[in-house]
Structures are given as C-alpha cells and as structure tokens.
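> If it helps, the file is called final_17.tsv and holds TSV, C-alpha atoms:
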```tsv
chain	number	residue	atom	x	y	z
V	55	MET	CA	4.57	-5.05	4.31
V	56	ILE	CA	2.03	-7.34	5.92
V	57	ASP	CA	-0.58	-9.74	4.56
V	58	PHE	CA	-4.37	-9.92	4.75
V	59	ASP	CA	-4.54	-11.98	7.93
V	60	ALA	CA	-2.07	-9.71	9.70
V	61	VAL	CA	-4.24	-6.69	8.85
V	62	MET	CA	-7.31	-8.51	10.18
V	63	GLY	CA	-5.40	-9.21	13.41
V	64	LYS	CA	-4.27	-5.61	13.78
V	65	ILE	CA	-7.60	-3.86	13.34
V	66	GLU	CA	-10.33	-4.54	15.82
V	67	GLY	CA	-13.89	-4.97	14.61
V	68	LEU	CA	-12.97	-5.45	10.97
V	69	GLU	CA	-14.75	-8.14	8.94
V	70	ALA	CA	-12.82	-10.08	6.30
V	71	HIS	CA	-15.63	-9.75	3.77
V	72	GLU	CA	-15.69	-5.96	4.03
V	73	LEU	CA	-11.93	-5.68	3.67
V	74	ARG	CA	-12.14	-7.86	0.56
V	75	GLN	CA	-14.89	-5.64	-0.77
V	76	TRP	CA	-12.85	-2.47	-0.14
V	77	ILE	CA	-9.95	-3.99	-2.05
V	78	GLU	CA	-12.27	-4.94	-4.89
V	79	GLU	CA	-13.69	-1.41	-4.99
V	80	ARG	CA	-10.08	-0.15	-5.10
V	81	TRP	CA	-10.65	1.99	-2.00
V	82	VAL	CA	-7.57	0.24	-0.69
V	83	ARG	CA	-5.01	-0.45	-3.41
V	84	VAL	CA	-2.90	-3.29	-2.18
V	85	GLU	CA	-0.15	-5.10	-3.95
V	86	GLN	CA	-0.62	-8.64	-5.14
V	87	GLY	CA	2.14	-10.86	-3.78
V	88	ASP	CA	2.92	-14.53	-4.41
V	89	ARG	CA	0.72	-15.61	-1.52
V	90	GLY	CA	-2.03	-13.00	-1.63
V	91	PHE	CA	-2.42	-9.31	-0.86
V	92	LEU	CA	0.36	-7.22	0.64
V	93	PHE	CA	-0.36	-4.08	2.65
V	94	HIS	CA	2.00	-1.14	3.09
V	95	GLU	CA	1.72	1.00	6.23
V	96	VAL	CA	-0.21	3.62	4.29
V	97	ASP	CA	-2.71	0.94	3.23
V	98	VAL	CA	-3.22	-0.25	6.81
V	99	ALA	CA	-3.82	3.33	7.97
V	100	ARG	CA	-6.29	3.76	5.12
V	101	VAL	CA	-8.16	0.60	6.12
V	102	ARG	CA	-8.38	2.00	9.67
V	103	LEU	CA	-9.73	5.26	8.32
V	104	ILE	CA	-12.37	3.53	6.18
V	105	ARG	CA	-13.38	1.38	9.13
V	106	GLU	CA	-13.82	4.48	11.29
V	107	LEU	CA	-15.83	6.23	8.61
V	108	ARG	CA	-18.05	3.18	8.09
V	109	HIS	CA	-18.51	1.90	11.63
V	110	GLU	CA	-18.02	4.79	14.00
V	111	LEU	CA	-19.31	7.63	11.88
V	112	ALA	CA	-21.94	5.49	10.13
V	113	ILE	CA	-21.12	6.86	6.68
V	114	GLY	CA	-22.79	4.90	3.90
V	115	ASN	CA	-20.91	2.85	1.32
V	116	GLU	CA	-21.92	5.13	-1.53
V	117	ALA	CA	-20.39	8.20	0.14
V	118	ILE	CA	-17.04	6.57	0.94
V	119	PRO	CA	-15.41	6.90	-2.51
V	120	VAL	CA	-16.36	10.57	-2.65
V	121	ILE	CA	-14.84	11.19	0.76
V	122	LEU	CA	-11.68	9.21	-0.02
V	123	ASP	CA	-11.21	11.06	-3.28
V	124	LEU	CA	-11.55	14.44	-1.60
V	125	ILE	CA	-9.24	13.40	1.23
V	126	ASP	CA	-6.65	12.27	-1.32
V	127	GLN	CA	-6.93	15.57	-3.12
V	128	VAL	CA	-6.51	17.54	0.10
V	129	TYR	CA	-3.45	15.55	1.10
V	130	GLY	CA	-2.04	15.86	-2.40
V	131	LEU	CA	-2.41	19.62	-2.18
V	132	ARG	CA	-0.86	19.70	1.26
V	133	ARG	CA	2.08	17.68	-0.04
V	134	ARG	CA	2.52	20.21	-2.82
V	135	LEU	CA	2.28	23.10	-0.39
V	136	ARG	CA	5.00	21.50	1.69
V	137	GLN	CA	7.19	21.37	-1.40
V	138	LEU	CA	6.42	25.01	-2.02
V	139	ARG	CA	7.35	25.84	1.56
V	140	ASP	CA	10.62	23.93	1.16
V	141	ALA	CA	11.28	25.76	-2.08
V	142	ILE	CA	10.76	29.11	-0.34
V	143	ASP	CA	12.98	28.01	2.55
V	144	ALA	CA	15.75	27.25	0.07
V	145	GLN	CA	15.76	30.83	-1.25
V	146	PRO	CA	18.08	33.65	-0.10
V	147	ALA	CA	17.01	35.24	3.21
V	148	GLU	CA	15.90	38.44	1.55
V	149	LEU	CA	13.46	36.71	-0.77
V	150	ARG	CA	12.24	34.42	2.01
V	151	ASP	CA	11.49	37.37	4.26
V	152	ALA	CA	9.70	39.16	1.48
V	153	VAL	CA	7.45	36.14	0.87
V	154	HIS	CA	6.69	35.72	4.56
V	155	ALA	CA	5.96	39.42	4.95
V	156	TYR	CA	3.63	39.26	1.96
V	157	LEU	CA	1.79	36.22	3.35
V	158	ALA	CA	1.52	37.83	6.79
V	159	ARG	CA	0.02	40.93	5.21
V	160	GLY	CA	-2.40	38.82	3.22
V	161	SER	CA	-3.69	36.96	6.25
V	162	ALA	CA	-4.07	40.25	8.19
V	163	GLU	CA	-6.20	41.61	5.38
V	164	THR	CA	-8.47	38.61	5.25
V	165	GLY	CA	-8.68	38.72	9.04
V	166	GLU	CA	-7.43	35.17	9.65
B	1356	MET	CA	-5.80	18.54	33.45
B	1357	ALA	CA	-9.40	17.98	34.41
B	1358	ALA	CA	-11.47	16.50	31.61
B	1359	LYS	CA	-14.62	18.28	30.60
B	1360	ASN	CA	-18.06	17.05	31.41
B	1361	PRO	CA	-18.84	14.48	28.72
B	1362	TYR	CA	-22.46	15.61	28.39
B	1363	GLU	CA	-21.28	19.15	27.70
B	1364	VAL	CA	-18.64	17.92	25.26
B	1365	LEU	CA	-21.28	16.10	23.22
B	1366	GLY	CA	-23.82	18.88	23.73
B	1367	VAL	CA	-26.51	16.60	25.16
B	1368	LYS	CA	-28.63	16.68	28.30
B	1369	PRO	CA	-27.72	14.37	31.20
B	1370	ASP	CA	-30.89	12.36	30.60
B	1371	ALA	CA	-30.29	12.02	26.83
B	1372	SER	CA	-31.09	8.63	25.29
B	1373	GLU	CA	-28.34	6.34	24.00
B	1374	GLU	CA	-29.48	6.99	20.48
B	1375	HIS	CA	-29.38	10.72	20.95
B	1376	ILE	CA	-25.87	10.51	22.35
B	1377	ARG	CA	-24.72	8.36	19.46
B	1378	GLY	CA	-26.24	10.74	16.94
B	1379	SER	CA	-24.59	13.73	18.53
B	1380	TYR	CA	-21.24	11.92	18.71
B	1381	ARG	CA	-21.37	10.97	15.03
B	1382	LYS	CA	-22.23	14.48	13.99
B	1383	LEU	CA	-19.36	16.00	15.95
B	1384	ALA	CA	-16.89	13.26	15.03
B	1385	LYS	CA	-17.58	13.82	11.33
B	1386	LYS	CA	-16.86	17.48	11.79
B	1387	TYR	CA	-13.66	17.10	13.80
B	1388	HIS	CA	-12.15	13.84	12.50
B	1389	PRO	CA	-8.39	14.53	12.21
B	1390	ASP	CA	-8.11	13.01	8.75
B	1391	LEU	CA	-10.86	15.32	7.54
B	1392	ASN	CA	-9.11	18.33	9.15
B	1393	PRO	CA	-5.46	17.88	8.24
B	1394	GLY	CA	-3.05	20.10	10.15
B	1395	ASN	CA	-5.78	21.45	12.41
B	1396	LYS	CA	-4.56	20.85	15.96
B	1397	GLN	CA	-7.71	22.28	17.49
B	1398	ALA	CA	-9.89	19.87	15.58
B	1399	GLU	CA	-7.66	17.01	16.66
B	1400	ALA	CA	-7.87	18.01	20.33
B	1401	ARG	CA	-11.62	18.41	20.03
B	1402	PHE	CA	-11.93	14.99	18.37
B	1403	LYS	CA	-10.08	13.44	21.30
B	1404	GLU	CA	-12.48	15.05	23.75
B	1405	ILE	CA	-15.44	13.87	21.74
B	1406	THR	CA	-14.28	10.26	21.49
B	1407	ALA	CA	-13.36	10.19	25.18
B	1408	ALA	CA	-16.79	11.57	26.11
B	1409	TYR	CA	-18.49	9.05	23.87
B	1410	ASP	CA	-16.40	6.17	25.22
B	1411	LEU	CA	-17.69	7.03	28.66
B	1412	LEU	CA	-21.32	7.70	27.82
B	1413	SER	CA	-21.74	4.80	25.40
B	1414	ASP	CA	-20.72	2.35	28.10
B	1415	LYS	CA	-23.82	1.87	30.26
B	1416	GLU	CA	-21.89	0.87	33.32
B	1417	LYS	CA	-19.39	3.69	33.08
B	1418	ARG	CA	-22.12	6.19	32.40
B	1419	ALA	CA	-24.04	5.08	35.52
B	1420	ARG	CA	-20.90	5.31	37.63
B	1421	PHE	CA	-20.18	8.76	36.29
B	1422	ASP	CA	-23.77	9.85	36.99
B	1423	ARG	CA	-23.43	8.60	40.59
B	1424	GLY	CA	-20.19	10.56	40.92
B	1425	GLU	CA	-18.07	7.44	41.38
B	1426	ILE	CA	-15.73	8.28	38.54
B	1427	ASP	CA	-14.90	11.60	36.94
B	1428	ALA	CA	-14.64	12.32	33.25
B	1429	SER	CA	-10.88	11.81	33.18
B	1430	GLY	CA	-11.43	8.12	33.96
B	1431	ALA	CA	-12.61	7.71	30.42
B	1432	GLU	CA	-9.76	9.44	28.66
B	1433	ARG	CA	-8.45	7.22	25.96
B	1434	PRO	CA	-4.80	6.49	25.79
B	1435	GLU	CA	-3.32	8.29	22.81
B	1436	HIS	CA	-4.02	6.50	19.56
B	1437	ALA	CA	-1.33	3.90	19.44
B	1438	TYR	CA	-1.56	3.64	15.67
B	1439	PRO	CA	-0.57	6.26	13.13
B	1440	ARG	CA	-3.29	8.23	11.39
B	1441	TYR	CA	-3.80	8.03	7.65
B	1442	GLY	CA	-2.88	11.69	7.18
B	1443	GLY	CA	0.61	11.06	8.51
B	1444	PHE	CA	1.27	8.86	5.48
B	1445	ALA	CA	-0.98	10.55	2.96
B	1446	GLU	CA	0.82	13.84	3.28
B	1447	GLY	CA	4.26	12.30	2.85
B	1448	ALA	CA	5.79	10.30	0.04
B	1449	PRO	CA	3.65	7.14	0.63
B	1450	GLY	CA	0.54	9.17	-0.18
B	1451	THR	CA	1.53	9.37	-3.83
B	1452	ARG	CA	0.33	5.77	-4.03
B	1453	TYR	CA	-3.19	7.04	-3.77
B	1454	GLU	CA	-2.69	10.34	-5.53
B	1455	PHE	CA	-1.29	8.65	-8.68
B	1456	HIS	CA	-4.30	6.54	-9.36
B	1457	SER	CA	-7.04	8.77	-8.08
B	1458	ALA	CA	-8.18	9.79	-11.54
B	1459	GLU	CA	-6.49	6.97	-13.45
B	1460	GLY	CA	-3.15	8.70	-13.51
B	1461	MET	CA	-4.35	12.19	-14.25
B	1462	ALA	CA	-4.33	13.81	-10.83
B	1463	PRO	CA	-0.75	15.06	-10.72
B	1464	GLU	CA	-1.36	17.23	-13.73
B	1465	ASP	CA	-3.89	19.20	-11.74
B	1466	LEU	CA	-1.43	19.49	-8.94
B	1467	ASP	CA	1.32	20.65	-11.24
B	1468	ASP	CA	-1.13	23.24	-12.38
B	1469	LEU	CA	-0.98	24.58	-8.86
B	1470	PHE	CA	2.68	25.38	-9.34
B	1471	ALA	CA	2.04	26.61	-12.82
B	1472	PHE	CA	-0.46	28.96	-11.22
B	1473	PHE	CA	2.21	30.35	-8.90
B	1474	GLY	CA	4.65	30.58	-11.78
B	1475	ARG	CA	2.29	32.52	-14.03
B	1476	GLY	CA	1.82	35.23	-11.49
B	1477	ALA	CA	5.52	35.79	-11.23
B	1478	ARG	CA	6.59	35.39	-14.83
B	1479	GLY	CA	3.68	36.55	-16.85
B	1480	ASN	CA	3.56	34.70	-20.14
B	1481	ALA	CA	7.08	33.36	-20.13
B	1482	PRO	CA	7.34	29.93	-21.79
B	1483	ARG	CA	6.91	27.12	-19.32
B	1484	ARG	CA	7.72	23.46	-19.67
B	1485	GLY	CA	4.70	21.19	-19.42
B	1486	ALA	CA	4.19	19.09	-16.33
B	1487	ASP	CA	5.51	15.55	-15.94
B	1488	LEU	CA	2.67	13.06	-15.77
B	1489	HIS	CA	2.84	9.99	-13.59
B	1490	PHE	CA	1.48	6.60	-14.56
B	1491	ALA	CA	1.67	3.08	-13.26
B	1492	LEU	CA	2.00	0.08	-15.55
B	1493	THR	CA	1.90	-3.57	-14.57
B	1494	VAL	CA	3.98	-5.80	-16.82
B	1495	ASP	CA	4.09	-9.51	-17.16
B	1496	PHE	CA	6.91	-11.30	-15.29
B	1497	LEU	CA	8.54	-12.58	-18.49
B	1498	THR	CA	8.15	-9.28	-20.34
B	1499	ALA	CA	10.02	-7.62	-17.48
B	1500	ILE	CA	12.94	-9.97	-18.07
B	1501	ASN	CA	12.93	-10.25	-21.86
B	1502	GLY	CA	11.61	-6.79	-22.72
B	1503	GLY	CA	8.77	-6.00	-25.04
B	1504	ARG	CA	6.13	-3.46	-25.82
B	1505	GLN	CA	3.07	-2.77	-23.78
B	1506	ARG	CA	0.17	-0.43	-24.35
B	1507	LEU	CA	-0.57	2.17	-21.71
B	1508	SER	CA	-3.69	4.27	-21.91
B	1509	LEU	CA	-2.84	7.83	-20.97
B	1510	SER	CA	-6.38	9.08	-21.28
B	1511	PRO	CA	-9.55	7.66	-22.86
B	1512	ASP	CA	-8.44	8.80	-26.31
B	1513	ARG	CA	-4.69	8.50	-26.05
B	1514	ASN	CA	-2.63	5.34	-25.89
B	1515	LEU	CA	1.08	4.95	-25.75
B	1516	ASP	CA	3.10	1.88	-26.69
B	1517	VAL	CA	5.73	1.68	-24.01
B	1518	THR	CA	8.98	-0.13	-24.79
B	1519	ILE	CA	9.82	-2.23	-21.76
B	1520	PRO	CA	13.60	-2.58	-21.56
B	1521	PRO	CA	14.82	-6.12	-20.79
B	1522	GLY	CA	15.58	-6.64	-17.10
B	1523	VAL	CA	13.28	-3.92	-15.80
B	1524	HIS	CA	12.57	-4.39	-12.09
B	1525	ASP	CA	9.58	-3.80	-9.88
B	1526	GLY	CA	9.25	-0.15	-8.86
B	1527	GLN	CA	11.55	1.15	-11.61
B	1528	VAL	CA	10.38	4.39	-13.21
B	1529	LEU	CA	10.68	4.86	-16.97
B	1530	ARG	CA	10.84	8.37	-18.30
B	1531	LEU	CA	9.33	8.98	-21.72
B	1532	GLN	CA	10.45	12.34	-22.95
B	1533	GLY	CA	7.86	14.61	-24.46
B	1534	GLN	CA	4.85	12.45	-23.49
B	1535	GLY	CA	3.72	14.61	-20.58
B	1536	ALA	CA	1.52	17.69	-20.39
B	1537	PRO	CA	1.88	20.34	-23.11
B	1538	GLY	CA	4.00	23.38	-22.34
B	1539	ARG	CA	2.64	26.90	-21.98
B	1540	SER	CA	3.46	29.83	-24.20
B	1541	GLY	CA	5.68	27.74	-26.42
B	1542	GLY	CA	7.45	25.90	-23.60
B	1543	PRO	CA	8.53	22.28	-24.14
B	1544	VAL	CA	6.25	19.32	-23.45
B	1545	GLY	CA	6.74	17.52	-20.13
B	1546	ASP	CA	7.66	13.86	-19.70
B	1547	ALA	CA	5.63	10.81	-18.81
B	1548	LEU	CA	7.00	9.00	-15.76
B	1549	ILE	CA	5.89	5.38	-15.70
B	1550	GLU	CA	6.27	3.34	-12.55
B	1551	ILE	CA	6.63	-0.32	-13.45
B	1552	HIS	CA	5.01	-3.05	-11.39
B	1553	VAL	CA	6.09	-6.57	-12.23
B	1554	ALA	CA	3.35	-9.19	-11.89
B	1555	PRO	CA	4.27	-12.40	-10.09
B	1556	HIS	CA	4.84	-15.60	-12.06
B	1557	SER	CA	3.27	-18.96	-11.29
B	1558	PHE	CA	6.60	-20.77	-10.84
B	1559	PHE	CA	9.48	-18.34	-11.26
B	1560	ARG	CA	10.53	-16.00	-8.49
B	1561	ARG	CA	12.92	-13.13	-8.96
B	1562	GLU	CA	15.32	-11.53	-6.55
B	1563	GLY	CA	17.34	-8.76	-8.11
B	1564	ASP	CA	18.63	-10.24	-11.35
B	1565	ASP	CA	18.49	-13.85	-10.14
B	1566	ILE	CA	15.64	-16.25	-10.81
B	1567	TYR	CA	14.54	-18.98	-8.41
B	1568	LEU	CA	12.62	-22.07	-9.40
B	1569	ASP	CA	11.46	-25.18	-7.56
B	1570	LEU	CA	11.86	-28.12	-9.94
B	1571	PRO	CA	10.01	-31.39	-9.27
B	1572	VAL	CA	12.03	-34.52	-10.22
B	1573	THR	CA	11.13	-38.18	-10.16
B	1574	LEU	CA	12.56	-40.61	-7.64
B	1575	ALA	CA	14.54	-42.27	-10.44
B	1576	GLU	CA	16.02	-38.95	-11.58
B	1577	ALA	CA	17.03	-38.17	-8.00
B	1578	VAL	CA	18.70	-41.54	-7.43
B	1579	LEU	CA	20.21	-42.23	-10.83
B	1580	GLY	CA	20.80	-38.69	-12.03
B	1581	GLY	CA	20.38	-37.70	-15.64
B	1582	LYS	CA	19.33	-34.91	-17.93
B	1583	VAL	CA	16.08	-32.99	-17.33
B	1584	MET	CA	14.50	-30.12	-19.20
B	1585	VAL	CA	14.20	-26.95	-17.11
B	1586	PRO	CA	12.15	-23.88	-17.98
B	1587	THR	CA	14.03	-20.56	-17.80
B	1588	PRO	CA	12.64	-17.12	-18.62
B	1589	THR	CA	14.38	-17.29	-21.99
B	1590	GLY	CA	13.28	-20.83	-22.89
B	1591	THR	CA	13.75	-24.43	-21.87
B	1592	VAL	CA	17.28	-25.72	-21.31
B	1593	SER	CA	18.69	-29.12	-20.49
B	1594	MET	CA	20.32	-29.60	-17.08
B	1595	THR	CA	22.24	-32.57	-15.71
B	1596	ILE	CA	21.22	-33.83	-12.30
B	1597	PRO	CA	24.04	-35.68	-10.53
B	1598	ALA	CA	23.23	-39.15	-9.16
B	1599	ASN	CA	22.00	-39.31	-5.54
B	1600	THR	CA	20.56	-35.82	-5.44
B	1601	ASN	CA	18.29	-34.93	-2.55
B	1602	THR	CA	15.30	-32.66	-2.28
B	1603	GLY	CA	16.48	-29.15	-1.46
B	1604	ARG	CA	19.69	-29.33	-3.48
B	1605	VAL	CA	20.21	-26.13	-5.44
B	1606	LEU	CA	21.75	-26.19	-8.92
B	1607	ARG	CA	22.81	-23.03	-10.67
B	1608	LEU	CA	22.20	-22.23	-14.33
B	1609	LYS	CA	24.70	-19.49	-14.98
B	1610	GLY	CA	23.53	-16.50	-16.98
B	1611	LYS	CA	19.91	-17.64	-17.15
B	1612	GLY	CA	18.60	-14.82	-14.94
B	1613	ALA	CA	17.46	-11.31	-15.81
B	1614	PRO	CA	19.74	-9.11	-17.89
B	1615	HIS	CA	21.58	-6.34	-16.13
B	1616	PRO	CA	22.47	-3.00	-17.72
B	1617	GLY	CA	26.07	-3.36	-18.82
B	1618	GLY	CA	25.59	-6.69	-20.51
B	1619	THR	CA	25.78	-9.16	-17.63
B	1620	ARG	CA	22.94	-11.46	-16.62
B	1621	GLY	CA	21.79	-12.91	-13.32
B	1622	ASP	CA	21.68	-16.65	-12.72
B	1623	GLN	CA	18.84	-19.10	-12.28
B	1624	TYR	CA	18.84	-21.19	-9.11
B	1625	VAL	CA	16.96	-24.46	-9.37
B	1626	THR	CA	15.89	-26.13	-6.14
B	1627	LEU	CA	15.14	-29.83	-6.67
B	1628	LYS	CA	12.11	-31.44	-5.13
B	1629	VAL	CA	11.72	-35.22	-5.27
B	1630	VAL	CA	8.15	-36.20	-6.12
B	1631	LEU	CA	6.85	-39.77	-5.68
B	1632	PRO	CA	4.43	-41.22	-8.25
B	1633	GLU	CA	0.93	-39.86	-7.82
B	1634	GLY	CA	-1.26	-42.31	-5.90
B	1635	GLY	CA	1.61	-44.67	-5.06
B	1636	ASP	CA	3.03	-47.62	-6.96
B	1637	ALA	CA	2.58	-51.20	-5.88
B	1638	GLU	CA	5.91	-52.43	-7.19
B	1639	LEU	CA	7.79	-49.58	-5.53
B	1640	THR	CA	6.04	-50.27	-2.24
B	1641	ARG	CA	7.00	-53.97	-2.45
B	1642	PHE	CA	10.58	-53.11	-3.27
B	1643	MET	CA	10.81	-50.65	-0.35
B	1644	ARG	CA	9.49	-53.23	2.10
B	1645	ASP	CA	12.36	-55.55	1.24
B	1646	TRP	CA	14.95	-52.85	0.85
B	1647	ALA	CA	14.35	-50.67	3.89
B	1648	PRO	CA	15.15	-53.08	6.78
B	1649	GLN	CA	18.57	-53.82	5.31
B	1650	HIS	CA	19.42	-50.21	4.54
B	1651	LEU	CA	18.63	-48.29	7.70
B	1652	TYR	CA	19.62	-44.65	7.83
B	1653	ASP	CA	18.47	-41.76	9.99
B	1654	PRO	CA	18.03	-38.46	8.14
B	1655	ARG	CA	16.92	-36.87	11.44
B	1656	ARG	CA	19.93	-37.74	13.54
B	1657	GLY	CA	21.00	-34.09	13.80
B	1658	MET	CA	17.59	-33.07	15.14
B	1659	VAL	CA	17.72	-34.48	18.66
B	1660	SER	CA	16.51	-31.73	20.96
```
Let me see whether you can do it: turn the structure in this file into structure tokens.


Amino acid sequence: MIDFDAVMGKIEGLEAHELRQWIEERWVRVEQGDRGFLFHEVDVARVRLIRELRHELAIGNEAIPVILDLIDQVYGLRRRLRQLRDAIDAQPAELRDAVHAYLARGSAETGE
Amino acid sequence: MAAKNPYEVLGVKPDASEEHIRGSYRKLAKKYHPDLNPGNKQAEARFKEITAAYDLLSDKEKRARFDRGEIDASGAERPEHAYPRYGGFAEGAPGTRYEFHSAEGMAPEDLDDLFAFFGRGARGNAPRRGADLHFALTVDFLTAINGGRQRLSLSPDRNLDVTIPPGVHDGQVLRLQGQGAPGRSGGPVGDALIEIHVAPHSFFRREGDDIYLDLPVTLAEAVLGGKVMVPTPTGTVSMTIPANTNTGRVLRLKGKGAPHPGGTRGDQYVTLKVVLPEGGDAELTRFMRDWAPQHLYDPRRGMVS
C-alpha cells in the first residue's frame, strides 16, 4: 500500500485537488491509515483510469460515476463468469464436453 | 512490423486541424479503451494504434517531421504501458473492493442471481438456498478490542445489530447465519458476510493482539522514577517507571492487549517519551547551566561516521 504523495508521484499530470475530490466522491475508496490515505494497487490503477477518462478522453465529471459503476458491474460479471468457467472445468470430462459443445452450437446459431 | 499511417488510423485528412485530430482521437479512444472493452484483444490493439497515432500527430514537431518524411509512423510507437490496467485488478479478487460497495452492499445479490439463473434452468423449481450478502462495517478501535454491538444498515428499511466479538481484527469477516437473501422455492435463507474494518485510534496502535502506546513522562518521572497512570484499551492502570529511564525505553504491560480466541490476551507495549515543561522553566535552565559542565556525557559517541 502507498500513500497520497506516492500516488501523486507515480501518476503524471494528476492534480492533488482532483485526487482529493475523487476520494471525497468515493470514486476511489481508499483506506484511512494513521498518517492519511492508503492506496492499494487496485486503487492506483483506478486513479489512472479516472485520470485517463477525465483528461485524455475529456469525459465530464457528471458522467464519471455512471461509467465507473457500469465498469464495476461488467468486471463483477466477468469475475462471476470466470468462476462459472472454473466450475465447469472442475466437472467430469463428459459433462465438460457437453457444455462446450452446447456453447459452440449456440454461438454458431447466433453467427458469432 | 510497419506501423500504420497515423492519419489513416485516426481517420483524418493530412491537413486536419489540431482540434479535429484531438476530437477524432477522443472519439476513437472512448470506443476502444481497454478498460471499457474487457477481454477484447482487438480493441486493445486498436487502442494502442490510436494512442500511438495521436502521440505523433499531437506533437507539432513530430508531426512536421513525419509530414516531411523524416520519421516514419513507427517512431511514435509507445513503449508498452509500464503500469497495469485497472481491468487486471477489477476482474480478480481485488475488484471485490469496488463491487461490494457499488450499491451500498447490495451488488453481490444481483450477481448471485446470475448463478441462480443458471441453476433454475437446470433444476426447475428445486429449493435453492438464498445468496450470501456481503457488507463492510467500520468499527471503533476500542470496540474491536472490547467487543460490543454496532448497527449495520442492510438496506434503507432493514437494520441489523451486529455483535462485535472482543478482539476482532481488521479484515476479519463475520458470518451471520440466516441474514442473507431469501431462499427460492422453500430453500434456506443465505448468510450475511460482514467484513470488519477497524478504525485507527488517536494514541493506541495495534499489531496482531498487541497494543503499542507512546507515553509522555516528565523529566522528574524519568530521572526519579515513580508510578504513572497509563491508559489501556480496558481502562487506566498504574505502572512503575524505574529511576533513570530514557526516552525510547519500552515497558510491557502483560495481558493488556487484545483478547485472543482461546482465552489469552496480547500485551501492551509502552514506549516512554521524556517531555520538558512547555515553554521552558527558568529554574531548570539555571540548574542545568551549573550542572552540565561538571557532568559531561556524550550520548552520540556511537555515531561517529
């Protein structure tokens, strides 16, 4: 975990006041340590993402929470799908093959 | 591999204005940003092309050199992103940090519904256990040590009084049976899983079951020794300071730390810190002036470098 100043040093073109605002808005949910905020790797990557959305893609402040929420939902679903894949992988070969055959058929039908 | 013509990549004419180029870049970057297209390798490759093209064309000098044929498009290729993308974390276990709270603790239920959806297809109306719901609860430093009850709001109209067991530590997950999502077709109710966050304290620190405290003492207490009152998480206790005790000396109060399952307790470690009278003291200053020249000592003698 790293602190506020370390994050500022790591990410080019980031202003301290905007990072504070993002924390306040709970777009980045950092931990509160004895000597200030503490950032996990996932938080730092999220700050980078928000900075890209804001600065490089010029997305307005009011759209950011909507985007973040949708992104979180998509990644949540993908995490669940991974679990599902792992669950299928853990099944006997016969069942696994049947599922894969079914999925292959499904994607052929929808033309993907 | 030869890089593509940056004008073609951004879909602009060679005489396009800076503004036009920026607009086109933003439009394409929004569409192909890797974090907005998880798992899509084509989008990622396209995004790299787009940023490389924009890096070249947004730099006046580089653009002019490219136009004169002095450099080719590959000169502008960015080194691979040295830092990891958000998606790499969000899709793994760390991402639950953001999933948990996204709708004030309610999101996982929707996601469990996804599995319930798969299950229904296969099993028809067989009874199904309700989903486990995840919550986060921040508890006071002292409550975490001594235990207590704390209210957690599960939803706008449902609160739960959570019993905090004494000695709970940061990151510990409490399972409350039968407080999760309702079951289907007569299946049992799921559990509530509550991740505990312990708030920091203004003067206690905790490591495992042990408590650390910096204790200011007066000059007289340090020189002469004596009894001082020391706060511990379970109340104030009296501690004897030996005579001639320096700043930095650590005294242990056995069994005054956090309780441990099984009946033992951690200890409290008290680090003494000598504090001179605020604003100085004329008599002390006078005394030191007379005393010091006859009592020379060098506390820094080990520090010769």

> Could you name the residues that touch Gly1535 of chain B at 7 Å or less, counting all atoms listed in the file, but leaving out those on the same chain fewer than 5 positions away, as a PyMOL selection string?

chain B and resi 1485-1488+1544-1547

> Between V:Arg150, V:Ala158, V:Arg80, V:Asp143, which has the minimum distance to chain B (counting all atoms listed in the file)?

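When distances to chain B are compared using all atoms listed in the file, the smallest one comes from V:Arg80.
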
> Which residues are close to Ala112 of chain V, i.e. within 12 Å by all atoms listed in the file, leaving aside same-chain residues fewer than 4 positions away? Reply as a list in words.

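In the requested form, the answer reads Ile104, Arg105, Glu106, Leu107, Arg108, Glu116, Ala117 and Ile118 of chain V; Arg1377, Gly1378, Tyr1380, Arg1381, Lys1382, Ala1384 and Lys1385 of chain B.
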
> Write down, as a short mmCIF file (atom, residue, chain, number, x, y, z; two decimals) with C-alpha atoms, in the frame of the given file, each residue of chain V that has any atom within 8 Å of an atom of chain B, counting all atoms listed in the file.


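part.cif was written with the following content:
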```cif
data_model
loop_
_atom_site.label_atom_id
_atom_site.label_comp_id
_atom_site.auth_asym_id
_atom_site.auth_seq_id
_atom_site.Cartn_x
_atom_site.Cartn_y
_atom_site.Cartn_z
CA ARG V 83 -5.01 -0.45 -3.41
CA GLN V 86 -0.62 -8.64 -5.14
CA GLY V 87 2.14 -10.86 -3.78
CA ASP V 88 2.92 -14.53 -4.41
CA GLU V 95 1.72 1.00 6.23
CA VAL V 96 -0.21 3.62 4.29
CA ALA V 99 -3.82 3.33 7.97
CA ARG V 100 -6.29 3.76 5.12
CA ARG V 102 -8.38 2.00 9.67
CA LEU V 103 -9.73 5.26 8.32
CA GLU V 110 -18.02 4.79 14.00
CA LEU V 111 -19.31 7.63 11.88
CA ALA V 112 -21.94 5.49 10.13
CA ASP V 123 -11.21 11.06 -3.28
CA ILE V 125 -9.24 13.40 1.23
CA ASP V 126 -6.65 12.27 -1.32
CA GLN V 127 -6.93 15.57 -3.12
CA TYR V 129 -3.45 15.55 1.10
CA GLY V 130 -2.04 15.86 -2.40
CA LEU V 131 -2.41 19.62 -2.18
CA ARG V 132 -0.86 19.70 1.26
CA ARG V 133 2.08 17.68 -0.04
CA ARG V 134 2.52 20.21 -2.82
#
```

> I'd like the box whose edges run along x, y and z of the file and which contains every listed atom of segment 131-148 of chain V, padded by 8 Å per side; could you state its centre and edge lengths in Å, one decimal, as lines of an AutoDock Vina configuration file?


```
center_x = 7.8
center_y = 28.1
center_z = 0.2
size_x = 36.5
size_y = 36.8
size_z = 22.0
```

> What gap, in Å, lies between atom CA of Arg1656 of chain B and atom CA of Lys1628 of chain B?

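Interatomic distance here is 21.2 Å.
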
> Please list, as JSON, numbers by chain, the residues that have an atom at most 12 Å away from (0.7, -6.8, -0.7) in the coordinates of this file, counting only C-alpha atoms.

{"V": [55, 56, 57, 58, 59, 60, 61, 77, 82, 83, 84, 85, 86, 87, 88, 89, 90, 91, 92, 93, 94, 95, 96, 97, 98], "B": [1554, 1555]}

> So the first atom is atom CA of Ala1499 of chain B and the second is atom CA of Pro1520 of chain B; what is the distance between them in Å, to one decimal place?

7.4 Å

> Can you list, as a PyMOL selection string, every protein, DNA or RNA residue that comes within 7 Å of Leu1606 of chain B when you count all atoms listed in the file, leaving out same-chain residues fewer than 5 positions away?

chain B and resi 1624-1626
